[in-house]
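Structure file work_2.pdb (PDB, C-alpha atoms) is printed below.
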ATOM      1  CA  MET A  17     111.294  91.607 113.859
ATOM      2  CA  THR A  18     112.963  94.696 112.512
ATOM      3  CA  VAL A  19     112.501  98.179 113.880
ATOM      4  CA  THR A  20     110.270  99.055 110.914
ATOM      5  CA  GLU A  21     107.919  96.174 111.656
ATOM      6  CA  ILE A  22     107.739  97.006 115.347
ATOM      7  CA  LEU A  23     106.933 100.634 114.501
ATOM      8  CA  PHE A  24     104.358  99.562 111.927
ATOM      9  CA  TRP A  25     102.491  97.297 114.334
ATOM     10  CA  PHE A  26     102.689  99.811 117.166
ATOM     11  CA  LEU A  27     101.355 102.660 115.018
ATOM     12  CA  SER A  28      98.634 100.443 113.517
ATOM     13  CA  ALA A  29      97.435  99.288 116.929
ATOM     14  CA  LEU A  30      97.482 102.879 118.183
ATOM     15  CA  ALA A  31      95.502 104.072 115.154
ATOM     16  CA  VAL A  32      92.848 101.370 115.407
ATOM     17  CA  VAL A  33      92.428 101.611 119.201
ATOM     18  CA  SER A  34      92.140 105.378 119.156
ATOM     19  CA  ALA A  35      89.744 105.252 116.189
ATOM     20  CA  ILE A  36      87.511 102.860 118.125
ATOM     21  CA  ASN A  37      87.654 105.206 121.099
ATOM     22  CA  VAL A  38      86.539 108.103 118.862
ATOM     23  CA  VAL A  39      83.348 106.176 118.153
ATOM     24  CA  ILE A  40      82.616 104.902 121.657
ATOM     25  CA  SER A  41      83.494 107.978 123.749
ATOM     26  CA  LYS A  42      80.480 109.551 125.415
ATOM     27  CA  ASN A  43      81.994 113.006 125.694
ATOM     28  CA  PRO A  44      82.623 114.776 122.337
ATOM     29  CA  VAL A  45      85.771 116.446 123.710
ATOM     30  CA  PHE A  46      87.327 113.049 124.380
ATOM     31  CA  SER A  47      86.349 111.993 120.858
ATOM     32  CA  VAL A  48      88.268 114.953 119.477
ATOM     33  CA  LEU A  49      91.325 114.119 121.581
ATOM     34  CA  TRP A  50      91.270 110.470 120.456
ATOM     35  CA  LEU A  51      90.902 111.594 116.844
ATOM     36  CA  ILE A  52      93.992 113.795 117.254
ATOM     37  CA  LEU A  53      95.871 110.716 118.493
ATOM     38  CA  THR A  54      94.643 108.796 115.421
ATOM     39  CA  PHE A  55      95.925 111.535 113.145
ATOM     40  CA  PHE A  56      99.297 111.519 114.870
ATOM     41  CA  SER A  57      99.625 107.781 114.389
ATOM     42  CA  ILE A  58      98.679 108.141 110.705
ATOM     43  CA  SER A  59     101.375 110.818 110.448
ATOM     44  CA  GLY A  60     103.756 108.283 111.962
ATOM     45  CA  HIS A  61     102.811 105.918 109.169
ATOM     46  CA  TYR A  62     103.576 108.629 106.625
ATOM     47  CA  ILE A  63     107.007 109.135 108.159
ATOM     48  CA  LEU A  64     107.551 105.378 108.047
ATOM     49  CA  LEU A  65     106.691 105.476 104.329
ATOM     50  CA  ASN A  66     109.111 108.411 103.924
ATOM     51  CA  ALA A  67     106.318 110.807 102.920
ATOM     52  CA  GLN A  68     107.680 113.537 105.153
ATOM     53  CA  PHE A  69     105.874 116.467 103.577
ATOM     54  CA  LEU A  70     102.493 114.782 103.954
ATOM     55  CA  ALA A  71     103.293 113.834 107.546
ATOM     56  CA  VAL A  72     103.987 117.451 108.456
ATOM     57  CA  VAL A  73     100.984 118.743 106.504
ATOM     58  CA  ASN A  74      98.782 116.137 108.167
ATOM     59  CA  ILE A  75      99.847 117.310 111.611
ATOM     60  CA  ILE A  76      99.534 121.004 110.767
ATOM     61  CA  VAL A  77      96.250 120.871 108.850
ATOM     62  CA  TYR A  78      94.382 118.065 110.580
ATOM     63  CA  ALA A  79      95.670 117.939 114.140
ATOM     64  CA  GLY A  80      96.484 121.641 114.203
ATOM     65  CA  ALA A  81      93.727 123.449 112.344
ATOM     66  CA  ILE A  82      90.745 121.187 111.792
ATOM     67  CA  MET A  83      90.699 119.582 115.233
ATOM     68  CA  VAL A  84      91.111 122.942 116.972
ATOM     69  CA  LEU A  85      88.104 124.148 114.970
ATOM     70  CA  PHE A  86      86.137 121.109 116.179
ATOM     71  CA  LEU A  87      87.190 121.769 119.773
ATOM     72  CA  PHE A  88      86.183 125.412 119.521
ATOM     73  CA  VAL A  89      82.749 124.516 118.172
ATOM     74  CA  ILE A  90      82.176 121.854 120.837
ATOM     75  CA  MET A  91      83.229 124.197 123.628
ATOM     76  CA  LEU A  92      81.126 127.060 122.253
ATOM     77  CA  MET A  93      78.052 124.850 122.188
ATOM     78  CA  ASN A  94      78.522 123.627 125.755
ATOM     79  CA  LEU A  95      77.278 120.136 124.984
ATOM     80  CA  ASN A  96      77.214 118.353 128.296
ATOM     81  CA  ASN A  97      73.928 116.555 127.882
ATOM     82  CA  ALA A  98      74.243 113.022 126.603
ATOM     83  CA  GLU A  99      72.669 111.837 123.396
ATOM     84  CA  THR A 100      68.959 111.360 123.851
ATOM     85  CA  LYS A 101      66.768 108.293 123.360
ATOM     86  CA  LYS A 102      69.179 105.856 121.866
ATOM     87  CA  ASN A 103      67.683 103.051 119.901
ATOM     88  CA  LYS A 104      69.746 100.028 120.838
ATOM     89  CA  TRP A 105      68.816  97.999 117.764
ATOM     90  CA  LEU A 106      69.862 100.818 115.484
ATOM     91  CA  LYS A 107      73.329 100.651 117.024
ATOM     92  CA  VAL A 108      73.495  96.880 116.668
ATOM     93  CA  ALA A 109      72.410  97.185 113.041
ATOM     94  CA  GLY A 110      75.059  99.839 112.383
ATOM     95  CA  VAL A 111      77.811  97.727 113.906
ATOM     96  CA  ILE A 112      76.703  94.677 111.928
ATOM     97  CA  ALA A 113      76.610  96.690 108.703
ATOM     98  CA  GLY A 114      80.102  98.069 109.292
ATOM     99  CA  GLY A 115      81.408  94.630 110.229
ATOM    100  CA  CYS A 116      79.937  93.123 107.073
ATOM    101  CA  MET A 117      81.634  95.837 105.036
ATOM    102  CA  LEU A 118      84.949  95.074 106.752
ATOM    103  CA  LEU A 119      84.513  91.360 106.105
ATOM    104  CA  VAL A 120      83.581  91.744 102.448
ATOM    105  CA  MET A 121      86.392  94.175 101.657
ATOM    106  CA  ILE A 122      89.038  92.055 103.364
ATOM    107  CA  ALA A 123      87.742  88.900 101.696
ATOM    108  CA  ALA A 124      87.773  90.621  98.313
ATOM    109  CA  LEU A 125      91.230  92.122  98.648
ATOM    110  CA  LYS A 126      93.250  89.491 100.476
ATOM    111  CA  ASP A 127      93.971  87.531  97.286
ATOM    112  CA  ALA A 128      94.407  90.521  94.985
ATOM    113  CA  ASP A 129      97.288  90.558  92.508
ATOM    114  CA  THR A 130      99.075  93.346  94.294
ATOM    115  CA  ALA A 131      98.716  91.849  97.760
ATOM    116  CA  GLN A 132     102.206  90.410  97.887
ATOM    117  CA  GLN A 133     104.011  93.498  96.632
ATOM    118  CA  LEU A 134     105.972  95.699  98.957
ATOM    119  CA  ALA A 135     105.384  99.307  99.903
ATOM    120  CA  GLN A 136     108.759 100.964 100.137
ATOM    121  CA  THR A 137     109.523 102.105 103.658
ATOM    122  CA  LYS A 138     112.301 104.319 105.027
ATOM    123  CA  GLU A 139     113.723 105.159 101.592
ATOM    124  CA  GLY A 140     112.695 106.589  98.241
ATOM    125  CA  ASN A 141     112.608 110.327  97.743
ATOM    126  CA  ILE A 142     109.219 111.035  96.149
ATOM    127  CA  GLY A 143     107.793 112.129  99.479
ATOM    128  CA  LEU A 144     110.338 114.905  99.943
ATOM    129  CA  ILE A 145     109.191 118.446  99.447
ATOM    130  CA  SER A 146     111.512 119.291  96.554
ATOM    131  CA  TYR A 147     110.081 116.528  94.355
ATOM    132  CA  LEU A 148     106.483 117.157  95.398
ATOM    133  CA  GLY A 149     106.900 120.886  94.880
ATOM    134  CA  LYS A 150     108.291 120.437  91.362
ATOM    135  CA  ALA A 151     105.391 118.172  90.390
ATOM    136  CA  LEU A 152     102.852 120.443  92.089
ATOM    137  CA  PHE A 153     103.970 123.595  90.295
ATOM    138  CA  ASN A 154     104.524 121.987  86.898
ATOM    139  CA  GLU A 155     101.896 119.362  86.135
ATOM    140  CA  TYR A 156      99.389 120.211  88.860
ATOM    141  CA  VAL A 157      99.504 123.993  88.788
ATOM    142  CA  VAL A 158      95.943 124.347  87.432
ATOM    143  CA  PRO A 159      94.328 122.223  90.199
ATOM    144  CA  PHE A 160      96.465 124.135  92.686
ATOM    145  CA  GLU A 161      95.059 127.461  91.487
ATOM    146  CA  ILE A 162      91.523 126.074  91.375
ATOM    147  CA  SER A 163      91.873 124.948  94.989
ATOM    148  CA  SER A 164      92.561 128.568  95.930
ATOM    149  CA  VAL A 165      89.192 129.495  94.408
ATOM    150  CA  LEU A 166      87.660 126.625  96.387
ATOM    151  CA  PHE A 167      89.138 128.048  99.592
ATOM    152  CA  LEU A 168      87.800 131.489  98.778
ATOM    153  CA  SER A 169      84.305 130.122  98.186
ATOM    154  CA  ALA A 170      84.505 128.032 101.372
ATOM    155  CA  MET A 171      85.517 131.133 103.323
ATOM    156  CA  VAL A 172      82.649 133.171 101.898
ATOM    157  CA  GLY A 173      80.253 130.275 102.471
ATOM    158  CA  ALA A 174      81.284 129.832 106.093
ATOM    159  CA  VAL A 175      80.851 133.545 106.789
ATOM    160  CA  VAL A 176      77.472 133.698 105.036
ATOM    161  CA  ILE A 177      76.143 130.589 106.789
ATOM    162  CA  GLY A 178      77.494 131.512 110.192
ATOM    163  CA  LYS A 179      76.219 135.097 110.089
ATOM    164  CA  LYS A 180      73.635 136.002 112.705
ATOM    165  CA  GLY A 181      70.218 136.936 111.453
ATOM    166  CA  ASP A 182      69.369 136.855 107.761
TER
ATOM    167  CA  MET B  11     106.095  96.238 104.488
ATOM    168  CA  PRO B  12     103.720  94.180 102.301
ATOM    169  CA  ILE B  13     101.034  96.332 100.778
ATOM    170  CA  ASN B  14      98.222  94.148 102.073
ATOM    171  CA  TYR B  15      98.998  95.175 105.670
ATOM    172  CA  TYR B  16      98.352  98.765 104.668
ATOM    173  CA  ILE B  17      95.215  97.718 102.794
ATOM    174  CA  PHE B  18      93.826  95.957 105.874
ATOM    175  CA  LEU B  19      94.723  98.819 108.205
ATOM    176  CA  SER B  20      92.991 101.319 105.924
ATOM    177  CA  ILE B  21      89.918  99.108 105.590
ATOM    178  CA  ALA B  22      89.753  98.770 109.382
ATOM    179  CA  LEU B  23      89.954 102.532 109.906
ATOM    180  CA  PHE B  24      87.425 103.165 107.141
ATOM    181  CA  CYS B  25      84.943 100.666 108.589
ATOM    182  CA  ILE B  26      85.331 102.129 112.082
ATOM    183  CA  GLY B  27      84.407 105.466 110.492
ATOM    184  CA  VAL B  28      81.385 103.893 108.790
ATOM    185  CA  VAL B  29      80.213 102.347 112.072
ATOM    186  CA  GLY B  30      80.584 105.726 113.763
ATOM    187  CA  VAL B  31      78.515 107.470 111.103
ATOM    188  CA  LEU B  32      75.802 104.813 111.345
ATOM    189  CA  THR B  33      75.577 104.535 115.129
ATOM    190  CA  ARG B  34      76.213 107.978 116.583
ATOM    191  CA  ARG B  35      73.558 110.677 116.624
ATOM    192  CA  ASN B  36      75.731 113.673 117.436
ATOM    193  CA  ALA B  37      76.341 115.648 114.237
ATOM    194  CA  ILE B  38      79.855 116.682 115.288
ATOM    195  CA  ILE B  39      80.923 113.103 115.960
ATOM    196  CA  ILE B  40      79.451 112.006 112.623
ATOM    197  CA  PHE B  41      81.546 114.706 111.002
ATOM    198  CA  MET B  42      84.656 113.503 112.840
ATOM    199  CA  CYS B  43      84.035 109.963 111.630
ATOM    200  CA  ILE B  44      83.920 111.296 108.065
ATOM    201  CA  GLU B  45      87.338 112.856 108.663
ATOM    202  CA  LEU B  46      88.554 109.486 109.902
ATOM    203  CA  MET B  47      87.357 107.842 106.681
ATOM    204  CA  LEU B  48      89.137 110.487 104.599
ATOM    205  CA  ASN B  49      92.345 109.795 106.501
ATOM    206  CA  ALA B  50      92.040 106.054 105.939
ATOM    207  CA  VAL B  51      91.837 106.712 102.202
ATOM    208  CA  ASN B  52      94.816 109.058 102.391
ATOM    209  CA  LEU B  53      96.924 106.400 104.086
ATOM    210  CA  MET B  54      95.952 103.918 101.378
ATOM    211  CA  LEU B  55      96.909 106.347  98.606
ATOM    212  CA  VAL B  56     100.330 107.013 100.147
ATOM    213  CA  ALA B  57     101.018 103.300 100.588
ATOM    214  CA  PHE B  58     100.037 102.599  96.971
ATOM    215  CA  SER B  59     102.155 105.475  95.730
ATOM    216  CA  LYS B  60     105.180 103.999  97.471
ATOM    217  CA  MET B  61     104.368 100.576  96.041
ATOM    218  CA  HIS B  62     104.125 102.047  92.558
ATOM    219  CA  HIS B  63     107.359 103.932  93.089
ATOM    220  CA  VAL B  64     109.365 100.874  94.041
ATOM    221  CA  ASN B  65     107.944  98.948  91.069
ATOM    222  CA  GLN B  66     108.584 101.657  88.478
ATOM    223  CA  ALA B  67     111.745 103.206  89.911
ATOM    224  CA  ALA B  68     113.941 101.804  87.121
ATOM    225  CA  THR B  69     112.070 103.561  84.309
ATOM    226  CA  ASN B  70     110.655 106.655  86.005
ATOM    227  CA  ALA B  71     112.425 108.283  88.928
ATOM    228  CA  THR B  72     109.318 110.104  90.123
ATOM    229  CA  ALA B  73     106.760 107.330  89.605
ATOM    230  CA  GLY B  74     104.042 107.395  92.215
ATOM    231  CA  ILE B  75     104.329 111.083  93.020
ATOM    232  CA  ASP B  76     100.778 111.644  91.746
ATOM    233  CA  GLY B  77      99.339 109.622  94.625
ATOM    234  CA  GLN B  78     100.936 111.886  97.189
ATOM    235  CA  LEU B  79      99.729 114.984  95.358
ATOM    236  CA  PHE B  80      96.204 113.566  95.380
ATOM    237  CA  VAL B  81      96.516 113.196  99.144
ATOM    238  CA  PHE B  82      97.579 116.838  99.332
ATOM    239  CA  PHE B  83      94.514 117.909  97.355
ATOM    240  CA  ILE B  84      92.262 115.711  99.489
ATOM    241  CA  MET B  85      93.581 117.529 102.560
ATOM    242  CA  VAL B  86      92.874 120.884 100.877
ATOM    243  CA  VAL B  87      89.305 119.885 100.057
ATOM    244  CA  ALA B  88      88.805 118.436 103.560
ATOM    245  CA  ALA B  89      89.860 121.726 105.135
ATOM    246  CA  ALA B  90      87.350 123.647 103.008
ATOM    247  CA  GLU B  91      84.673 121.060 103.753
ATOM    248  CA  VAL B  92      85.228 121.274 107.503
ATOM    249  CA  SER B  93      84.919 125.048 107.578
ATOM    250  CA  VAL B  94      81.577 124.992 105.751
ATOM    251  CA  GLY B  95      80.296 121.913 107.581
ATOM    252  CA  LEU B  96      81.015 123.308 111.023
ATOM    253  CA  ALA B  97      79.322 126.560 110.033
ATOM    254  CA  ILE B  98      76.248 124.518 109.067
ATOM    255  CA  ILE B  99      76.371 122.649 112.400
ATOM    256  CA  VAL B 100      76.617 125.934 114.317
ATOM    257  CA  MET B 101      73.624 127.282 112.404
ATOM    258  CA  MET B 102      71.694 124.085 113.136
ATOM    259  CA  TYR B 103      72.526 124.428 116.844
ATOM    260  CA  ARG B 104      71.300 128.011 116.793
ATOM    261  CA  ASN B 105      67.984 126.965 115.280
ATOM    262  CA  VAL B 106      67.105 123.794 117.173
ATOM    263  CA  HIS B 107      69.436 124.131 120.235
ATOM    264  CA  SER B 108      70.819 120.651 119.691
ATOM    265  CA  VAL B 109      73.250 118.877 117.391
ATOM    266  CA  ASP B 110      71.327 115.604 117.545
ATOM    267  CA  VAL B 111      70.527 114.566 114.000
ATOM    268  CA  ASN B 112      67.307 112.904 115.177
ATOM    269  CA  PHE B 113      65.804 116.362 115.642
ATOM    270  CA  LEU B 114      66.354 117.206 112.004
ATOM    271  CA  ASN B 115      63.222 115.503 110.725
ATOM    272  CA  ARG B 116      61.334 118.563 109.564
ATOM    273  CA  LEU B 117      61.183 117.307 105.992
ATOM    274  CA  LYS B 118      59.226 114.270 107.229
ATOM    275  CA  HIS B 119      56.164 116.302 108.206
TER
END
Do you think you could lay out the structure here as structure tokens?
Amino acid sequence: MTVTEILFWFLSALAVVSAINVVISKNPVFSVLWLILTFFSISGHYILLNAQFLAVVNIIVYAGAIMVLFLFVIMLMNLNNAETKKNKWLKVAGVIAGGCMLLVMIAALKDADTAQQLAQTKEGNIGLISYLGKALFNEYVVPFEISSVLFLSAMVGAVVIGKKGD
Amino acid sequence: MPINYYIFLSIALFCIGVVGVLTRRNAIIIFMCIELMLNAVNLMLVAFSKMHHVNQAATNATAGIDGQLFVFFIMVVAAAEVSVGLAIIVMMYRNVHSVDVNFLNRLKH
């Protein structure tokens, strides 16, 4: 087993275990903390795939900004009462539905044409910021500008929705 | 690493997100599971972009860069989505004093 394989299996196990803990935690604060761990392990995968820019952006945007926003909202709401009147069969049905989806997708994709090809790890320079930046500001400059309009509208929307009174 | 390992890891994370959306009743946790599903898709896109890069590297030195830019734009859209979605959840909490989605059945009556 090479170092890359050991890191891959370790990060995969960490991602899956912490994702399961996000779903089964009773306390929403613990769910947020497990989700942050999931995002860090996905960032580890990005580093393993040599997508360094996306790894850093993932940590800054997801673990840094979005999860802090979630934590703020949860702490502002002071949610210490547990979820009320759980229907046990609804949960069983949800788990069965998700498991069936997992089964069908794995069965459909395990013999796909691309399944034996390799994803390049540790090398290749398309994930570096100089290459991504050149592509972003040449071919993708229009979507980049449109996303700024999206951010502006999201900002206005959040303020309008969150405003007290009407 | 073979691409199918990444495919199976992404499917597993995505399905855990689906199970969370279907079983939990807390709106914030449902929202977090949606973020988890978005991240599973992002991981898949990056893995496929690296696969495409190593296949096409002889003819095109920057093959596969589009996949990583798509991931970047998905992150941008997710950030905007979270800000609006959390504002909606806060408003819902202010109106019904709960974030349990079972209480949001006013359209049924």
Tell me which protein, DNA and RNA residues are within 9 Å of Met42 in chain B, counting only C-alpha atoms, leaving out same-chain ones fewer than 2 positions away, and put them as a PyMOL selection string.
(chain A and resi 38+47-48+51+83+86) or (chain B and resi 27+30-31+37-40+44-47)
Please identify all polymer residues within 6 Å of Leu134 in chain A, counting only C-alpha atoms, omitting same-chain residues fewer than 2 positions from it, and present them as a list in words.
Met11, Pro12, Ile13 and Met61 of chain B
Point-to-point distance from CA of Phe24 in chain B to CA of Ile122 in chain A, Å rounded to tenths:
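Taking CA of Phe24 in chain B and CA of Ile122 in chain A, their separation equals 11.8 Å.
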Could you spell out the hits of the PyMOL selection byres ((chain B) within 8 of (chain A)) on the shown file, as a ChimeraX atom specification?
/B:11-14,18-19,21-23,25-30,32-36,38-39,42-43,46,49,53,56-58,60-64,72-75,78-79,81-83,85-87,89-94,96-98,100-101,103,110
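Going from CA of Ile63 in chain A to CA of Ile162 in chain A covers 28.4 Å.
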At what distance in Å, to one decimal, does CA of Ser20 in chain B lie from CA of Ala50 in chain B?
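Those two atoms sit 4.8 Å apart.
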Closest of A:Asn94, A:Ile22, A:Gly60, A:Ile52 to Gly80 in chain A - atom-to-atom distances counting only C-alpha atoms:
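Counting only C-alpha atoms, the residue closest to Gly80 in chain A is A:Ile52.
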Among the residues B:Asn65, B:Gly77, B:Asn70, B:Asn105, the one that comes closest to Val51 in chain B [using only C-alpha atoms]
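With only C-alpha atoms as the atom set, the closest residue is B:Gly77.
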Please return the centre and edge lengths, in Å to one decimal, of a box with edges along x, y and z that contains all listed atoms of range 57-62 of chain B, widened by 6 Å on every side, as lines of an AutoDock Vina configuration file.
center_x = 102.6
center_y = 103.0
center_z = 96.6
size_x = 17.1
size_y = 16.9
size_z = 20.0
